[in-house]
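Have a look at work-v3.csv below; it lists CSV, C-alpha atoms.
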chain,number,residue,atom,x,y,z
A,48,MET,CA,104.8,50.1,134.9
A,49,LYS,CA,102.4,49.5,137.7
A,50,LYS,CA,100.6,46.3,138.8
A,51,GLU,CA,98.3,45.7,141.7
A,52,SER,CA,99.6,43.5,144.5
A,53,VAL,CA,97.6,40.6,145.8
A,54,HIS,CA,99.6,40.3,149.0
A,55,CYS,CA,98.0,43.0,150.9
A,56,GLU,CA,95.2,43.8,153.3
A,57,LEU,CA,92.8,46.6,152.5
A,58,LEU,CA,91.9,48.6,155.6
A,59,GLY,CA,89.5,51.4,156.4
A,60,ALA,CA,90.1,55.1,155.6
A,61,GLY,CA,92.1,54.2,152.5
A,62,LYS,CA,94.9,52.5,154.4
A,63,VAL,CA,96.5,49.3,153.2
A,64,ARG,CA,98.9,46.8,154.8
A,65,CYS,CA,101.5,45.1,152.6
A,66,LEU,CA,101.8,41.4,153.4
A,67,LEU,CA,104.7,40.6,151.1
A,68,CYS,CA,107.6,40.8,153.6
A,69,PRO,CA,108.0,40.9,157.4
A,70,HIS,CA,107.9,44.7,157.6
A,71,TYR,CA,104.1,44.5,157.2
A,72,CYS,CA,104.2,48.2,156.1
A,73,LEU,CA,101.0,50.1,157.0
A,74,LEU,CA,100.5,52.7,154.3
A,75,LYS,CA,98.2,55.6,154.0
A,76,LYS,CA,97.2,56.9,150.6
A,77,GLY,CA,100.3,58.1,148.7
A,78,GLN,CA,102.7,56.4,151.0
A,79,THR,CA,105.4,53.9,149.8
A,80,GLY,CA,106.7,50.9,151.7
A,81,LYS,CA,110.2,50.5,153.1
A,82,CYS,CA,111.3,48.7,149.8
A,83,GLY,CA,110.6,52.0,147.9
A,84,VAL,CA,108.6,50.3,145.1
A,85,ARG,CA,105.2,49.4,146.6
A,86,LYS,CA,102.8,52.2,147.0
A,87,ASN,CA,99.3,52.9,148.3
A,88,GLU,CA,97.3,54.6,145.5
A,89,TYR,CA,93.7,55.4,146.2
A,90,GLY,CA,93.5,52.7,148.9
A,91,ARG,CA,95.0,49.9,146.8
A,92,LEU,CA,98.6,48.6,146.8
A,93,PHE,CA,100.6,48.7,143.6
A,94,SER,CA,104.1,47.5,142.5
A,95,LEU,CA,105.8,50.5,140.8
A,96,VAL,CA,108.4,48.4,139.0
A,97,TYR,CA,106.5,45.7,137.1
A,98,GLY,CA,108.4,45.2,133.9
A,99,GLU,CA,111.0,47.8,134.8
A,100,ALA,CA,114.6,46.5,134.7
A,101,THR,CA,117.7,48.4,135.7
A,102,SER,CA,120.2,45.7,134.5
A,103,ILE,CA,120.1,42.7,132.1
A,104,ALA,CA,123.1,40.6,131.4
A,105,LEU,CA,124.2,37.1,130.5
A,106,ASP,CA,126.3,35.9,133.5
A,107,PRO,CA,128.2,32.7,134.4
A,108,ILE,CA,126.0,30.8,136.9
A,109,GLU,CA,129.0,30.9,139.3
A,110,LYS,CA,128.6,34.7,139.6
A,111,LYS,CA,125.3,34.3,141.4
A,112,PRO,CA,127.2,32.7,143.2
A,113,LEU,CA,125.9,29.1,142.5
A,114,TYR,CA,128.8,26.6,142.3
A,115,ARG,CA,126.9,23.3,142.4
A,116,PHE,CA,123.9,24.1,140.2
A,117,HIS,CA,124.6,23.4,136.5
A,118,PRO,CA,128.3,24.6,136.8
A,119,GLY,CA,129.7,26.1,133.6
A,120,SER,CA,126.4,27.4,132.4
A,121,SER,CA,125.4,30.9,131.5
A,122,ILE,CA,122.2,32.4,132.8
A,123,LEU,CA,120.3,35.5,131.8
A,124,SER,CA,120.2,37.8,134.8
A,125,LEU,CA,118.1,40.8,135.5
A,126,GLY,CA,117.0,43.1,138.3
A,127,THR,CA,115.0,46.2,139.1
A,128,LYS,CA,115.4,48.8,141.8
A,129,GLY,CA,114.7,48.9,145.5
A,130,CYS,CA,115.2,46.6,148.5
A,131,ASN,CA,113.4,45.8,151.7
A,132,LEU,CA,116.7,45.8,153.8
A,133,LYS,CA,119.0,48.8,154.2
A,134,CYS,CA,122.5,47.4,154.5
A,135,PRO,CA,125.0,50.3,154.6
A,136,TRP,CA,127.7,48.3,152.8
A,137,CYS,CA,125.5,47.3,149.8
A,138,GLN,CA,127.6,46.9,146.6
A,139,ASN,CA,124.6,47.5,144.4
A,140,TRP,CA,123.3,50.5,146.4
A,141,SER,CA,122.9,52.5,143.2
A,142,ILE,CA,119.9,50.4,142.3
A,143,SER,CA,118.8,49.0,145.6
A,144,GLN,CA,118.8,52.2,147.5
A,145,ASP,CA,118.8,55.0,144.8
A,146,LEU,CA,115.2,54.8,143.5
A,147,SER,CA,116.0,57.4,140.7
A,148,SER,CA,117.9,54.7,138.8
A,149,ALA,CA,116.9,54.5,135.1
A,150,THR,CA,115.0,51.4,133.9
A,151,GLN,CA,114.1,49.8,130.6
A,152,LYS,CA,110.8,48.2,130.0
A,153,ILE,CA,110.6,44.4,129.6
A,154,THR,CA,107.7,41.9,129.6
A,155,PRO,CA,107.9,38.3,130.9
A,156,ARG,CA,107.4,37.0,127.4
A,157,GLU,CA,110.3,39.2,126.1
A,158,ILE,CA,112.7,38.1,128.7
A,159,VAL,CA,111.9,34.4,128.3
A,160,ALA,CA,112.3,34.8,124.5
A,161,ARG,CA,115.7,36.4,125.0
A,162,ALA,CA,116.8,33.7,127.4
A,163,LYS,CA,116.0,31.0,124.8
A,164,GLN,CA,117.6,33.0,122.0
A,165,LEU,CA,120.9,33.2,124.0
A,166,ASP,CA,120.7,29.5,124.9
A,167,SER,CA,120.7,30.4,128.5
A,168,LEU,CA,120.1,27.9,131.3
A,169,GLY,CA,117.3,30.1,132.4
A,170,ILE,CA,116.6,33.3,134.2
A,171,ALA,CA,118.2,34.7,137.4
A,172,TYR,CA,116.4,37.4,139.3
A,173,THR,CA,119.3,39.3,141.0
A,174,TYR,CA,121.2,42.5,141.4
A,175,ASN,CA,118.6,43.9,143.8
A,176,GLU,CA,116.1,42.0,146.0
A,177,PRO,CA,113.9,39.9,143.7
A,178,PHE,CA,111.1,39.3,146.2
A,179,ILE,CA,110.1,43.0,146.1
A,180,TRP,CA,109.6,42.4,142.3
A,181,TYR,CA,107.2,39.7,143.2
A,182,GLU,CA,104.5,40.0,140.6
A,183,PHE,CA,106.9,40.3,137.7
A,184,VAL,CA,109.1,37.4,139.0
A,185,CYS,CA,106.1,35.2,139.4
A,186,ASP,CA,104.7,35.9,135.9
A,187,THR,CA,108.1,35.4,134.3
A,188,ALA,CA,109.1,32.3,136.3
A,189,LYS,CA,105.8,30.5,135.4
A,190,LEU,CA,106.3,31.3,131.7
A,191,ALA,CA,110.0,30.3,131.9
A,192,HIS,CA,109.1,26.9,133.3
A,193,LYS,CA,106.7,26.3,130.5
A,194,GLU,CA,109.5,26.9,128.1
A,195,GLY,CA,111.9,24.5,129.9
A,196,LEU,CA,114.0,27.2,131.5
A,197,LYS,CA,115.4,27.3,135.1
A,198,ASN,CA,114.6,30.1,137.6
A,199,VAL,CA,117.1,31.3,140.1
A,200,LEU,CA,116.6,33.8,143.0
A,201,VAL,CA,119.6,35.7,144.5
A,202,THR,CA,117.9,36.9,147.6
A,203,ASN,CA,118.2,38.2,151.1
A,204,GLY,CA,115.4,35.8,152.0
A,205,TYR,CA,113.2,38.5,153.6
A,206,VAL,CA,109.8,37.4,152.6
A,207,ASN,CA,106.6,36.1,154.3
A,208,GLN,CA,105.6,32.5,154.2
A,209,LYS,CA,102.5,32.7,152.0
A,210,PRO,CA,104.2,34.5,149.1
A,211,LEU,CA,107.1,32.1,149.4
A,212,GLU,CA,104.8,29.1,149.3
A,213,GLU,CA,103.1,30.5,146.1
A,214,ILE,CA,106.3,30.9,144.2
A,215,ILE,CA,108.5,28.1,145.3
A,216,ASP,CA,107.2,25.5,142.8
A,217,PHE,CA,108.6,27.7,140.0
A,218,ILE,CA,112.0,28.3,141.6
A,219,ASP,CA,114.9,25.8,140.8
A,220,ALA,CA,117.7,27.4,142.9
A,221,MET,CA,118.4,30.1,145.4
A,222,ASN,CA,121.4,31.8,146.8
A,223,ILE,CA,120.3,33.2,150.1
A,224,ASP,CA,122.4,35.9,151.8
A,225,VAL,CA,122.5,35.2,155.5
A,226,LYS,CA,124.2,38.3,156.8
A,227,SER,CA,124.7,37.2,160.4
A,228,MET,CA,123.3,34.8,163.0
A,229,ASN,CA,122.9,37.7,165.4
A,230,GLU,CA,119.4,39.3,165.7
A,231,GLY,CA,120.9,42.6,166.9
A,232,PHE,CA,123.0,42.7,163.7
A,233,TYR,CA,120.0,42.5,161.5
A,234,GLN,CA,118.1,45.1,163.5
A,235,LYS,CA,120.9,47.6,163.8
A,236,HIS,CA,122.5,47.4,160.4
A,237,CYS,CA,119.9,46.0,158.0
A,238,GLN,CA,116.7,47.3,159.6
A,239,GLY,CA,115.2,43.8,159.5
A,240,LYS,CA,115.0,40.5,161.4
A,241,LEU,CA,116.9,37.3,161.3
A,242,ALA,CA,114.2,34.7,161.8
A,243,PRO,CA,112.4,35.2,158.4
A,244,VAL,CA,115.6,34.7,156.6
A,245,LEU,CA,116.3,31.5,158.3
A,246,ASN,CA,112.7,30.4,157.7
A,247,THR,CA,113.1,31.0,154.0
A,248,ALA,CA,116.1,28.8,153.8
A,249,GLU,CA,114.8,26.0,155.9
A,250,PHE,CA,111.4,25.9,154.1
A,251,SER,CA,113.0,26.0,150.7
A,252,THR,CA,115.9,23.5,151.2
A,253,ASP,CA,113.9,20.5,150.3
A,254,LYS,CA,112.1,22.2,147.4
A,255,CYS,CA,114.9,23.7,145.4
A,256,HIS,CA,118.7,23.9,145.3
A,257,ILE,CA,120.0,26.2,148.0
A,258,GLU,CA,123.4,27.8,148.5
A,259,ILE,CA,124.2,30.3,151.3
A,260,THR,CA,126.4,33.4,151.1
A,261,ASN,CA,127.9,35.2,154.1
A,262,LEU,CA,129.7,38.5,153.6
A,263,ILE,CA,132.3,38.7,156.3
A,264,ILE,CA,132.7,42.3,157.6
A,265,PRO,CA,135.5,43.0,160.0
A,266,THR,CA,134.4,43.9,163.5
A,267,LEU,CA,130.7,43.5,162.6
A,268,ASN,CA,130.1,39.8,162.0
A,269,ASP,CA,133.5,38.1,161.8
A,270,GLY,CA,133.8,36.7,165.3
A,271,LYS,CA,134.5,33.0,165.8
A,272,GLU,CA,131.2,32.5,167.6
A,273,ASP,CA,129.3,34.2,164.7
A,274,LEU,CA,130.9,31.9,162.2
A,275,GLU,CA,130.4,28.8,164.2
A,276,ARG,CA,126.7,29.6,164.7
A,277,LEU,CA,126.2,30.0,161.0
A,278,VAL,CA,128.0,26.7,160.2
A,279,ASP,CA,126.1,24.8,162.9
A,280,TRP,CA,122.8,26.1,161.6
A,281,ILE,CA,123.5,25.1,158.0
A,282,ALA,CA,124.8,21.7,159.1
A,283,GLU,CA,121.7,21.0,161.3
A,284,LYS,CA,118.9,22.6,159.4
A,285,LEU,CA,120.0,22.6,155.7
A,286,GLY,CA,122.5,19.7,155.6
A,287,GLU,CA,126.2,19.2,155.3
A,288,ASP,CA,126.0,19.2,151.5
A,289,THR,CA,124.7,22.8,151.4
A,290,PRO,CA,127.3,25.0,149.8
A,291,LEU,CA,128.5,28.0,151.8
A,292,HIS,CA,130.2,31.0,150.2
A,293,PHE,CA,132.2,33.3,152.5
A,294,SER,CA,132.6,36.6,150.6
A,295,ARG,CA,135.3,39.2,151.2
A,296,TYR,CA,134.0,42.7,152.1
A,297,PHE,CA,135.3,45.8,150.5
A,298,PRO,CA,134.4,49.4,151.6
A,299,CYS,CA,131.2,50.5,149.8
A,300,TYR,CA,128.3,52.9,150.1
A,301,LYS,CA,128.2,54.1,153.7
A,302,ILE,CA,130.9,51.9,155.3
A,303,ASP,CA,134.6,52.5,155.1
A,304,ILE,CA,135.9,49.7,157.4
A,305,PRO,CA,139.1,48.2,155.8
A,306,PRO,CA,138.6,45.1,153.6
A,307,THR,CA,138.4,41.7,155.1
A,308,SER,CA,141.8,40.1,155.4
A,309,LYS,CA,142.5,36.9,153.5
A,310,GLU,CA,143.5,35.3,156.8
A,311,LYS,CA,140.1,36.0,158.2
A,312,LEU,CA,138.4,34.3,155.3
A,313,LYS,CA,140.8,31.3,155.6
A,314,THR,CA,139.9,31.0,159.3
A,315,ALA,CA,136.2,31.0,158.4
A,316,GLU,CA,136.9,28.4,155.8
A,317,ASP,CA,138.7,26.2,158.3
A,318,ILE,CA,135.8,26.5,160.7
A,319,ALA,CA,133.2,25.6,158.1
A,320,ARG,CA,135.0,22.6,156.6
A,321,LYS,CA,134.7,20.8,160.0
A,322,LYS,CA,131.0,20.3,159.3
A,323,LEU,CA,130.3,21.3,155.7
A,324,ARG,CA,131.4,19.6,152.5
A,325,TYR,CA,131.4,22.5,150.1
A,326,VAL,CA,132.9,25.8,151.3
A,327,TYR,CA,134.0,28.6,148.9
A,328,LEU,CA,135.8,31.9,149.3
A,329,GLY,CA,134.7,34.8,147.1
A,330,ASN,CA,135.9,38.3,146.2
A,331,LEU,CA,139.5,37.3,146.6
As structure tokens, the full file:
Amino acid sequence: MKKESVHCELLGAGKVRCLLCPHYCLLKKGQTGKCGVRKNEYGRLFSLVYGEATSIALDPIEKKPLYRFHPGSSILSLGTKGCNLKCPWCQNWSISQDLSSATQKITPREIVARAKQLDSLGIAYTYNEPFIWYEFVCDTAKLAHKEGLKNVLVTNGYVNQKPLEEIIDFIDAMNIDVKSMNEGFYQKHCQGKLAPVLNTAEFSTDKCHIEITNLIIPTLNDGKEDLERLVDWIAEKLGEDTPLHFSRYFPCYKIDIPPTSKEKLKTAEDIARKKLRYVYLGNL
């Protein structure tokens, strides 16, 4: 299902610039953005995945992972396909990078009704990057709030300020994946930038519940300095009560580096606990 995007700039000669994320994709007619799901058709920008879900499931809130937001609850979780980053270790690459993934049609009203029927805490937009599903997430989140449901984003945080400001009042919690505190890491491995991710977290921290995840990948982002920079930033900008999840990496997609050792995760935990109150280890 297609829906026209409002976060774009219409240019001459049928060109359009997407303003949703920091890639600012400049698209000629027929071209699709880096996310794979926003396309210039006849000089206008459309989302190709409005109401198209690849996965829908009732999950424990801890699976997001959110450990200090309504613990013990279940939340209806759904995602579409595509992503605006290109991480070669992505565990959900079959929907984030493979755009041939099958989808099922769903409307905002239907997903809200299903959440209420299942006695869910609310709705989590997850599995792939929810910000590239912006129009559908906005419409669903607004309706969910009217029905007393919570909205959760599990996100890479790669979004521009204006779209973030427009949706934040309808979001109750986020888990933001901060992949590294190294700009070169983001450029080389993710084909993105670090600053917008940090901005998303810093802007949102006083507006909704925030938890941070860091996937520790041996030889790529597991140095002591990398870990200390992440912990220092969380403590200084988000606060010592912000939960941090260190997640164990396993070989996936295009990366075959051996799994993160348990000792490396324990070292990261020890570093983080010097400045943060809530530190968790995942995928162990």
Neighbours of point (121.1, 42.6, 138.1) within 12 Å, using only C-alpha atoms, written as a VMD selection string: chain A and resid 99 to 106 110 to 111 122 to 129 138 to 143 150 170 to 177 200 to 202
Shortest interatomic distance to Arg85 (chain A) - which of A:Glu182, A:Asp224, A:Glu157, A:Asp317, counting only C-alpha atoms: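 Looking at the shortest contact to Arg85 (chain A), the residue is A:Glu182.
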Best match for closeness to Cys130 (chain A) among A:Lys301, A:His70, A:Lys163, A:Lys49, counting all atoms listed in the file: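 Once distances to Cys130 (chain A) are computed over all atoms listed in the file, the minimum belongs to A:His70.
Of note, CA of Asp303 (chain A) and CA of His236 (chain A) are spaced 14.2 Å apart.
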From A:Thr252, A:Thr247, A:Asn268, A:Ser52, residue lying nearest Val206 (chain A) [all atoms listed in the file]: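 Selected residue with least distance to Val206 (chain A): A:Thr247.
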Atomic distance CA of Gly169 (chain A) - CA of Pro69 (chain A), expressed in Å with one decimal: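 So the two atoms, CA of Gly169 (chain A) and CA of Pro69 (chain A), lie 28.8 Å apart.
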From A:Ile179, A:Val63, A:Cys82, A:Ala188, residue lying nearest Pro210 (chain A) [only C-alpha atoms]: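 Of A:Ile179, A:Val63, A:Cys82, A:Ala188, the one nearest Pro210 (chain A) is A:Ile179, counting only C-alpha atoms.
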For CA of Tyr296 (chain A) and CA of Glu310 (chain A), the interatomic separation in Å (one decimal): 12.9 Å
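Proximity of A:Gly231, A:Pro305, A:Gly239, A:Gly61 to Pro265 (chain A), computed with all atoms listed in the file, is greatest for A:Pro305.
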Protein, DNA and RNA residues within 12 Å of (115.6, 33.0, 158.4), all atoms listed in the file, as a PyMOL selection string: chain A and resi 69+202-208+223-230+233+239-252+259+277+280-281+284-285
Nearest-residue call for Glu283 (chain A), choices A:Met48, A:Leu165, A:Lys322, A:Ile215, using all atoms listed in the file: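 For Glu283 (chain A), the nearest of the given residues is A:Lys322.
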Test item: residues at most 10 Å from Ser94 (chain A), only C-alpha atoms, excluding those fewer than 2 positions along its chain, as a list in words: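 After dropping sequence-adjacent residues, the list is Met48, Lys49, Lys50, Glu51, Ser52, Thr79, Gly83, Val84, Arg85, Lys86, Asn87, Leu92, Val96, Tyr97, Gly98, Ile179, Trp180, Tyr181, Glu182 and Phe183 of chain A.
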Long-range neighbours of region 58-60 of chain A as a list in words, 9 Å cut-off, only C-alpha atoms, 3 positions minimum in chain: Val63, Arg64, Lys75, Lys76 and Gly90 of chain A
Export of the given selection (C-alpha atoms) as a PDB file, in the frame of the given file:
ATOM      1  CA  VAL A  63      96.500  49.300 153.200  1.00  0.00           C
ATOM      2  CA  ARG A  64      98.900  46.800 154.800  1.00  0.00           C
ATOM      3  CA  LYS A  75      98.200  55.600 154.000  1.00  0.00           C
ATOM      4  CA  LYS A  76      97.200  56.900 150.600  1.00  0.00           C
ATOM      5  CA  GLY A  90      93.500  52.700 148.900  1.00  0.00           C
TER       6      GLY A  90
END
